[in-house]
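Here's protein_28.cif, which has mmCIF, C-alpha atoms:
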```
data_query
loop_
_atom_site.label_atom_id
_atom_site.label_comp_id
_atom_site.auth_asym_id
_atom_site.auth_seq_id
_atom_site.Cartn_x
_atom_site.Cartn_y
_atom_site.Cartn_z
CA MET A 2 8.06 7.79 -28.11
CA ASN A 3 8.90 10.38 -25.44
CA LEU A 4 9.49 8.67 -22.12
CA LYS A 5 9.46 11.20 -19.29
CA PRO A 6 11.30 10.23 -16.08
CA SER A 7 8.90 9.00 -13.41
CA LEU A 8 9.08 7.63 -9.89
CA ASN A 9 6.82 4.84 -11.10
CA TRP A 10 9.81 3.33 -12.92
CA LEU A 11 10.95 2.20 -9.46
CA LEU A 12 7.98 -0.19 -9.31
CA VAL A 13 10.25 -2.68 -11.08
CA PHE A 14 11.88 -3.22 -7.69
CA ILE A 15 8.74 -4.91 -6.35
CA PRO A 16 9.64 -8.28 -7.95
CA VAL A 17 13.27 -7.67 -6.96
CA SER A 18 12.28 -7.36 -3.30
CA ILE A 19 10.05 -10.45 -3.55
CA PHE A 20 12.91 -12.47 -5.03
CA GLY A 21 15.26 -11.23 -2.30
CA GLU A 22 12.75 -12.18 0.41
CA VAL A 23 12.06 -15.65 -1.04
CA ALA A 24 15.74 -16.37 -1.71
CA ARG A 25 16.73 -15.06 1.73
CA ILE A 26 19.10 -12.50 0.25
CA GLU A 27 18.54 -9.86 2.94
CA VAL A 28 20.49 -7.02 1.32
CA LEU A 29 18.60 -7.46 -1.96
CA ALA A 30 15.26 -7.62 -0.13
CA PHE A 31 16.11 -4.50 1.89
CA VAL A 32 17.29 -2.43 -1.08
CA GLY A 33 14.46 -3.65 -3.32
CA ALA A 34 11.77 -2.93 -0.71
CA SER A 35 13.26 0.49 0.05
CA LEU A 36 13.18 1.54 -3.61
CA ALA A 37 9.74 0.00 -4.22
CA ILE A 38 8.15 1.94 -1.33
CA ILE A 39 9.09 5.27 -2.95
CA PRO A 40 6.71 5.07 -5.96
CA LEU A 41 4.05 3.27 -3.89
CA SER A 42 4.05 6.17 -1.45
CA GLY A 43 3.71 8.50 -4.42
CA LEU A 44 0.69 6.55 -5.67
CA ILE A 45 -0.96 6.87 -2.24
CA GLY A 46 -0.47 10.62 -2.40
CA GLU A 47 -1.72 10.87 -5.98
CA ALA A 48 -4.80 8.75 -5.28
CA THR A 49 -5.57 10.83 -2.20
CA GLU A 50 -5.31 14.04 -4.21
CA GLU A 51 -7.59 12.67 -6.94
CA LEU A 52 -10.12 11.51 -4.35
CA ALA A 53 -9.98 14.98 -2.77
CA TYR A 54 -11.25 16.46 -6.05
CA HIS A 55 -14.36 14.29 -5.85
CA VAL A 56 -15.27 14.99 -2.22
CA GLY A 57 -14.69 18.75 -2.17
CA PRO A 58 -11.99 21.01 -0.70
CA ARG A 59 -12.90 20.69 2.99
CA LEU A 60 -13.25 16.90 3.11
CA GLY A 61 -10.36 16.68 0.66
CA GLY A 62 -8.18 18.56 3.10
CA LEU A 63 -9.19 16.10 5.81
CA LEU A 64 -8.31 13.17 3.53
CA ASN A 65 -4.87 14.61 2.87
CA ALA A 66 -4.39 15.23 6.59
CA THR A 67 -5.34 11.61 7.31
CA PHE A 68 -3.46 9.76 4.56
CA GLY A 69 -0.57 12.17 4.05
CA ASN A 70 1.84 10.08 6.13
CA LEU A 71 0.26 6.64 5.76
CA THR A 72 3.56 5.10 4.64
CA GLU A 73 5.38 6.29 7.78
CA LEU A 74 2.57 4.92 9.95
CA ILE A 75 2.71 1.49 8.29
CA VAL A 76 6.50 1.23 8.48
CA ALA A 77 6.67 2.38 12.11
CA SER A 78 3.86 0.00 13.14
CA LEU A 79 5.63 -2.98 11.56
CA LEU A 80 8.89 -1.99 13.27
CA VAL A 81 7.02 -1.95 16.58
CA LEU A 82 5.52 -5.38 15.83
CA ASP A 83 9.08 -6.63 15.27
CA ASN A 84 10.18 -5.03 18.59
CA GLN A 85 12.55 -2.66 16.79
CA PHE A 86 11.46 0.26 18.95
CA ASP A 87 14.64 2.30 18.53
CA VAL A 88 14.35 2.25 14.73
CA ALA A 89 10.62 3.06 14.92
CA LYS A 90 11.24 6.10 17.13
CA ALA A 91 14.14 7.25 14.96
CA SER A 92 11.99 6.96 11.81
CA LEU A 93 9.34 9.20 13.38
CA THR A 94 11.76 11.91 14.50
CA GLY A 95 13.64 11.54 11.22
CA SER A 96 10.45 12.19 9.26
CA ILE A 97 9.91 15.42 11.20
CA ILE A 98 13.49 16.55 10.67
CA GLY A 99 13.55 15.53 7.02
CA ASN A 100 10.42 17.50 6.15
CA LEU A 101 11.56 20.58 8.03
CA LEU A 102 15.15 20.73 6.83
CA LEU A 103 15.57 18.60 3.70
CA VAL A 104 12.23 19.17 1.97
CA LEU A 105 11.84 22.83 2.89
CA GLY A 106 15.52 23.49 2.22
CA LEU A 107 15.37 21.99 -1.28
CA ALA A 108 12.15 23.88 -1.99
CA PHE A 109 13.62 27.22 -0.89
CA VAL A 110 16.79 26.66 -2.94
CA VAL A 111 15.09 25.53 -6.15
CA GLY A 112 12.22 27.99 -5.87
CA GLY A 113 14.53 30.85 -4.98
CA VAL A 114 16.75 30.52 -8.05
CA GLY A 115 16.04 33.48 -10.31
CA ARG A 116 13.88 35.20 -7.69
CA SER A 117 14.93 37.73 -5.05
CA GLU A 118 12.47 36.17 -2.60
CA GLN A 119 9.26 34.18 -2.32
CA ARG A 120 6.32 34.91 -0.06
CA PHE A 121 4.00 32.73 1.98
CA SER A 122 1.62 33.03 4.93
CA ALA A 123 3.69 33.64 8.05
CA ARG A 124 0.57 33.09 10.18
CA SER A 125 0.07 29.65 8.66
CA ALA A 126 3.71 28.74 9.33
CA ALA A 127 3.36 29.99 12.91
CA VAL A 128 0.42 27.63 13.57
CA HIS A 129 2.46 24.61 12.50
CA SER A 130 5.53 25.85 14.40
CA ALA A 131 3.47 26.05 17.60
CA SER A 132 2.35 22.46 17.03
CA LEU A 133 5.97 21.38 16.64
CA VAL A 134 6.96 23.16 19.86
CA LEU A 135 4.24 21.14 21.63
CA ALA A 136 5.72 18.01 20.06
CA VAL A 137 9.18 18.89 21.39
CA VAL A 138 7.70 19.21 24.89
CA ALA A 139 5.97 15.84 24.42
CA LEU A 140 9.26 14.23 23.37
CA LEU A 141 11.14 15.87 26.23
CA MET A 142 8.99 15.23 29.31
CA PRO A 143 9.03 11.38 29.38
CA ALA A 144 12.80 11.44 28.84
CA ILE A 145 13.23 13.98 31.66
CA LEU A 146 11.10 11.81 33.95
CA ARG A 147 13.25 8.78 33.18
CA LEU A 148 16.45 10.81 33.70
CA THR A 149 15.46 12.61 36.91
CA SER A 150 13.60 9.68 38.45
CA PRO A 151 15.61 6.58 37.54
CA HIS A 152 13.53 4.38 39.85
CA VAL A 153 10.23 5.18 38.13
CA SER A 154 8.60 1.99 36.89
CA ASP A 155 8.18 1.08 33.22
CA GLN A 156 4.44 0.93 33.85
CA HIS A 157 4.39 4.58 34.92
CA ILE A 158 6.41 5.53 31.86
CA GLU A 159 3.87 3.71 29.66
CA VAL A 160 0.98 5.52 31.39
CA LEU A 161 2.68 8.88 30.82
CA SER A 162 3.40 7.93 27.21
CA ALA A 163 -0.26 7.10 26.59
CA LEU A 164 -1.32 10.37 28.24
CA VAL A 165 1.12 12.37 26.13
CA ALA A 166 -0.08 10.59 22.99
CA GLY A 167 -3.69 11.39 23.89
CA VAL A 168 -2.92 15.08 24.37
CA LEU A 169 -1.13 15.21 21.02
CA VAL A 170 -4.06 13.57 19.21
CA ILE A 171 -6.50 16.04 20.76
CA SER A 172 -4.22 18.87 19.68
CA TYR A 173 -4.12 17.40 16.18
CA VAL A 174 -7.91 17.26 15.98
CA ALA A 175 -8.05 20.87 17.15
CA THR A 176 -5.49 21.84 14.50
CA ILE A 177 -7.55 20.14 11.79
CA ALA A 178 -10.64 22.03 12.94
CA PHE A 179 -8.67 25.28 12.92
CA THR A 180 -7.15 24.82 9.47
CA GLN A 181 -10.10 23.15 7.74
CA VAL A 182 -13.14 24.78 9.39
CA THR A 183 -12.73 27.92 11.46
CA HIS A 184 -9.67 29.62 9.93
CA THR A 185 -9.39 28.30 6.38
CA HIS A 186 -8.58 31.82 5.11
CA LEU A 187 -5.13 31.62 6.72
CA PHE A 188 -4.08 28.55 4.75
CA GLY A 189 -3.25 28.10 1.11
CA GLY A 190 -4.68 24.60 1.25
CA HIS A 191 -4.58 22.76 -2.05
CA GLU A 192 -5.97 25.61 -4.10
CA ALA A 193 -7.65 22.94 -6.17
CA SER A 194 -8.60 23.97 -9.67
CA GLY A 195 -9.64 21.98 -12.72
CA GLU A 196 -11.16 18.54 -12.86
CA PRO A 197 -9.97 15.18 -11.54
CA SER A 198 -8.20 12.99 -14.06
CA TRP A 199 -9.23 9.77 -12.28
CA THR A 200 -12.69 8.44 -11.48
CA ARG A 201 -13.61 8.11 -7.82
CA ARG A 202 -13.58 4.31 -8.13
CA ARG A 203 -10.11 4.29 -9.67
CA ALA A 204 -8.78 6.58 -6.94
CA ILE A 205 -10.15 4.33 -4.19
CA ILE A 206 -8.81 1.15 -5.83
CA VAL A 207 -5.34 2.65 -6.35
CA LEU A 208 -5.29 3.98 -2.78
CA LEU A 209 -6.20 0.60 -1.30
CA ALA A 210 -3.88 -1.38 -3.60
CA ALA A 211 -0.93 0.95 -2.96
CA ALA A 212 -1.52 0.85 0.81
CA ILE A 213 -1.57 -2.96 0.78
CA ALA A 214 1.58 -3.05 -1.37
CA VAL A 215 3.31 -0.63 1.01
CA GLY A 216 2.38 -2.94 3.87
CA VAL A 217 3.91 -5.95 2.09
CA GLU A 218 7.07 -4.09 1.08
CA SER A 219 7.40 -2.62 4.57
CA GLU A 220 7.27 -6.14 5.98
CA PHE A 221 10.11 -7.13 3.64
CA LEU A 222 12.07 -4.04 4.72
CA VAL A 223 11.58 -4.68 8.43
CA SER A 224 12.35 -8.42 8.28
CA SER A 225 15.57 -7.83 6.32
CA LEU A 226 16.62 -4.66 8.17
CA GLN A 227 19.02 -5.95 10.82
CA PRO A 228 20.84 -8.50 8.57
CA ALA A 229 21.15 -5.85 5.85
CA LEU A 230 22.53 -3.26 8.28
CA GLY A 231 25.17 -5.74 9.37
CA ALA A 232 26.12 -6.54 5.78
CA LEU A 233 26.18 -2.89 4.68
CA HIS A 234 27.82 -1.68 7.91
CA LEU A 235 25.23 1.05 8.44
CA PRO A 236 24.44 2.40 11.94
CA THR A 237 20.91 1.66 13.13
CA LEU A 238 20.18 5.26 14.17
CA PHE A 239 21.34 6.60 10.81
CA VAL A 240 19.04 4.26 8.90
CA GLY A 241 16.09 5.05 11.17
CA LEU A 242 16.66 8.80 11.30
CA ILE A 243 17.77 9.44 7.71
CA VAL A 244 17.29 6.54 5.28
CA ILE A 245 13.79 5.29 6.16
CA PRO A 246 12.20 8.79 6.32
CA ILE A 247 13.67 9.68 2.91
CA ILE A 248 12.21 6.47 1.49
CA GLY A 249 8.76 7.23 2.87
CA ASN A 250 8.76 10.91 1.94
CA ALA A 251 10.51 10.91 -1.46
CA ALA A 252 7.33 11.42 -3.49
CA GLU A 253 6.16 14.14 -1.13
CA HIS A 254 9.59 15.78 -1.33
CA SER A 255 9.28 16.12 -5.09
CA SER A 256 5.79 17.65 -4.85
CA ALA A 257 6.96 20.35 -2.43
CA VAL A 258 9.85 21.29 -4.72
CA ILE A 259 7.60 21.38 -7.80
CA PHE A 260 5.16 23.76 -6.09
CA ALA A 261 8.08 25.96 -5.00
CA VAL A 262 9.26 26.20 -8.62
CA ARG A 263 5.73 27.33 -9.52
CA ASN A 264 5.95 29.94 -6.72
CA ARG A 265 3.04 28.37 -4.82
CA MET A 266 4.80 28.57 -1.48
CA ASN A 267 1.74 28.17 0.74
CA ILE A 268 1.27 24.66 -0.62
CA THR A 269 4.99 23.97 -0.23
CA LEU A 270 4.81 24.91 3.44
CA GLU A 271 1.67 22.81 3.93
CA ILE A 272 3.52 19.81 2.51
CA ALA A 273 6.75 20.33 4.46
CA ILE A 274 5.88 21.91 7.81
CA GLY A 275 2.31 20.60 7.80
CA SER A 276 3.54 17.06 7.24
CA SER A 277 6.01 17.39 10.11
CA SER A 278 3.32 18.55 12.51
CA GLN A 279 1.11 15.66 11.33
CA VAL A 280 3.83 13.14 12.14
CA ALA A 281 4.40 14.75 15.54
CA LEU A 282 0.76 15.15 16.56
CA PHE A 283 -0.91 12.18 14.86
CA VAL A 284 1.42 9.51 13.48
CA ALA A 285 3.70 9.22 16.54
CA PRO A 286 0.78 9.02 19.02
CA ALA A 287 -1.02 6.59 16.69
CA VAL A 288 2.02 4.30 16.78
CA ILE A 289 1.94 4.41 20.60
CA PHE A 290 -1.70 3.31 20.66
CA ILE A 291 -1.13 0.71 17.93
CA SER A 292 1.75 -0.73 19.95
CA LEU A 293 -0.63 -1.21 22.90
CA VAL A 294 -3.17 -2.96 20.68
CA LEU A 295 -0.47 -5.22 19.22
CA GLY A 296 0.75 -6.16 22.69
CA HIS A 297 4.18 -4.60 22.05
CA PRO A 298 3.93 -1.39 24.12
CA MET A 299 6.33 1.34 23.02
CA ASN A 300 6.99 4.29 25.29
CA PHE A 301 7.52 7.93 24.39
CA VAL A 302 11.08 8.07 25.74
CA PHE A 303 13.30 9.28 22.90
CA THR A 304 17.06 9.63 22.96
CA ALA A 305 18.76 12.94 23.75
CA PHE A 306 20.08 13.05 20.17
CA GLU A 307 16.59 12.71 18.69
CA ILE A 308 15.06 15.30 21.02
CA VAL A 309 17.81 17.84 20.41
CA THR A 310 17.71 17.45 16.63
CA VAL A 311 13.92 17.90 16.51
CA ALA A 312 14.17 20.93 18.79
CA LEU A 313 16.92 22.51 16.69
CA ALA A 314 15.06 21.83 13.43
CA THR A 315 11.91 23.40 14.88
CA LEU A 316 13.87 26.42 16.11
CA ILE A 317 15.65 27.17 12.84
CA VAL A 318 12.51 26.72 10.71
CA THR A 319 10.52 28.96 13.06
CA VAL A 320 13.16 31.67 12.73
CA VAL A 321 13.45 31.32 8.96
CA CYS A 322 9.67 31.37 8.36
CA ALA A 323 8.79 34.13 10.83
CA ASP A 324 8.82 36.92 8.21
CA GLY A 325 6.75 35.05 5.61
CA ARG A 326 9.56 35.29 3.05
CA SER A 327 12.16 32.88 1.76
CA ASN A 328 15.20 32.87 -0.53
CA TRP A 329 17.75 30.38 -1.80
CA LEU A 330 20.27 31.23 0.95
CA GLU A 331 17.83 30.26 3.70
CA GLY A 332 17.21 27.01 1.85
CA ALA A 333 20.94 26.33 1.70
CA GLN A 334 21.17 26.96 5.44
CA LEU A 335 18.40 24.44 6.13
CA LEU A 336 20.12 21.86 3.92
CA GLY A 337 23.43 22.52 5.66
CA THR A 338 21.80 21.86 9.02
CA TYR A 339 20.36 18.59 7.72
CA VAL A 340 23.73 17.43 6.41
CA ILE A 341 25.35 18.14 9.79
CA ILE A 342 22.64 16.16 11.62
CA ALA A 343 22.91 13.27 9.14
CA ALA A 344 26.69 13.16 9.51
CA ALA A 345 26.43 13.15 13.31
CA ALA A 346 23.78 10.40 13.21
CA PHE A 347 26.12 8.22 11.16
CA PHE A 348 28.63 8.20 14.01
CA VAL A 349 26.17 7.80 16.90
CA SER A 350 26.57 4.32 18.37
CA GLY A 351 24.12 2.21 20.24
#
```
Would you kindly transcribe this structure into C-alpha cells?
Amino acid sequence: MNLKPSLNWLLVFIPVSIFGEVARIEVLAFVGASLAIIPLSGLIGEATEELAYHVGPRLGGLLNATFGNLTELIVASLLVLDNQFDVAKASLTGSIIGNLLLVLGLAFVVGGVGRSEQRFSARSAAVHSASLVLAVVALLMPAILRLTSPHVSDQHIEVLSALVAGVLVISYVATIAFTQVTHTHLFGGHEASGEPSWTRRRAIIVLLAAAIAVGVESEFLVSSLQPALGALHLPTLFVGLIVIPIIGNAAEHSSAVIFAVRNRMNITLEIAIGSSSQVALFVAPAVIFISLVLGHPMNFVFTAFEIVTVALATLIVTVVCADGRSNWLEGAQLLGTYVIIAAAAFFVSG
C-alpha cells in the first residue's frame, strides 16, 4: 500500500484537542486545536472548489471569494466574543502579511527553481495591490484620529470604525463585480477543466461539517490561548500575527505553491494576493460588524507595528509584481522580509 503524505493525517489531533479541553490541559488543547484546524481548513477549500465545478465558473468564483477565508473569519469572531481584541486584530493583519510575503515568497522560490522567470498578469496584480493600499488607509485613519485627537470618545471611534468597514465592504463588492463580471479577461481565475470528483451533495455536506468542526476547534483554541501562551512563554502579538494566520492558511499555502510548480502563476497570485485583499476588504470589516451584533464592539484602531508591517508588505509586493514576472530571488526577498517581521513581532511587548 502506497500512503502519500496528506494534511488530512492531522485530523488525528481532533480527539487530542477534545481530550485536552475536557482534561483542562490547556497546552494540549491549544496545540491539538491548532494542528486540527489545518486539515479542516483544507477540507473547506477542497469542498468549495468541488462545489464550484457544479455551479459554473462565475458563481464558482463567487463561492471561492466568499468561503476562501472562512477559517480566519470564524477564529477572529470567536476571539472577539472572548474579548481578545488585540489577538483578533493581529490575526487579521497577520493573514494579510502571511499571504503576501510567506505564501507568495514560497511560491516564487519553488516555482522559480529551474526557470529563468515566470509570468503572470501584472494588471490583475495591480487591481489587488490597489485594494490593499485602500486597506492600509483604512487601518491608518482610525489610529491617526486616536493619536492626533486623544480626547475623542470611544463612541466616535466606533462610528468611524463602522464607516470604514462599510466602505471596505462596498469596495469588496465592487472588486468582485470587476473580477467576476465586467473584466474577467484580466484574471486567470480557476481555469477549471475536467469534471468534479465529488457530487454536489457530498461537497455541501463536507463544507458544512468542516465549517462546524472549525468552529468547535477554534473555540478550543481561543479558550486555551492565554493559559497556553503563559505556559509556552510566547508573546501574544507573535501568536496573533504569525502563528494563528499560518494555522488558518496552511492548506491554502500549499495550493499556491503547487500551482507555482505547475507554472500557473495567475492562480498562484489569485490565492496569495487575492486572499490578502479578501481579508482586508471583507473579513476584517465582517468581524467589525459581527462584534457589534455580538455586543462586543471592536474598533478599527490597529497598532503602529501592525499598520507599518501591512504597509511595507503591500509596498514590496507591489514593486515585485509590477512587471508581471517573478523569479526565485524575488521569492527569497519576500521570505526574508517575512522572517524579519516575525522576529520583530516575537520581541514586541504588550
Q: Apply the PyMOL selection byres ((chain A and resi 171-187) around 6) to the displayed file and report the matching residues as a ChimeraX atom specification.
A: /A:125,168-170,188,282
A:Asp324 environment, 12 Å, all atoms listed in the file, sequence neighbours closer than 5 positions dropped, as a short mmCIF file (atom, residue, chain, number, x, y, z; two decimals) with C-alpha atoms, in the coordinates of the input:
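As written to disk, out.cif reads:
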```cif
data_model
loop_
_atom_site.label_atom_id
_atom_site.label_comp_id
_atom_site.auth_asym_id
_atom_site.auth_seq_id
_atom_site.Cartn_x
_atom_site.Cartn_y
_atom_site.Cartn_z
CA GLU A 118 12.47 36.17 -2.60
CA GLN A 119 9.26 34.18 -2.32
CA ARG A 120 6.32 34.91 -0.06
CA PHE A 121 4.00 32.73 1.98
CA SER A 122 1.62 33.03 4.93
CA ALA A 123 3.69 33.64 8.05
CA ARG A 124 0.57 33.09 10.18
CA SER A 125 0.07 29.65 8.66
CA ALA A 126 3.71 28.74 9.33
CA ALA A 127 3.36 29.99 12.91
CA VAL A 318 12.51 26.72 10.71
CA THR A 319 10.52 28.96 13.06
#
```
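Evaluated against the shown file, the PyMOL selection byres ((chain A and resi 311) around 10) gives Thr94, Gly95, Ser96, Ile97, Ile98, Gly99, Leu101, Leu133, Val134, Ala136, Val137, Leu140, Phe306, Glu307, Ile308, Val309, Thr310, Ala312, Leu313, Ala314, Thr315 and Leu316 of chain A.
What separates atom CA of A:Ala204 from atom CA of A:Ser42 is a distance of 14.0 Å.
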Q: Using the chain letters and residue numbers of this document, give as a ChimeraX atom specification the residues selected by the PyMOL selection byres ((chain A and resi 32) around 10).
A: /A:14,17-18,21,27-31,33-37,221-222,225-226,229
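Across the structure, atom CA of A:Val284 and atom CA of A:Glu47 are spaced 19.8 Å apart.
The space separating atom CA of A:Val302 from atom CA of A:Ala144 comes to 4.9 Å.
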Q: Go through A:Ala345, A:Gly249, A:Ile38, A:Trp10 and flag the residue nearest A:Ala211, using all atoms listed in the file for the distances.
A: A:Ile38
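Distance check against A:Ala89 using only C-alpha atoms: of A:Val223, A:Ile145, A:Leu336, A:Ala251, the minimum falls on A:Val223.
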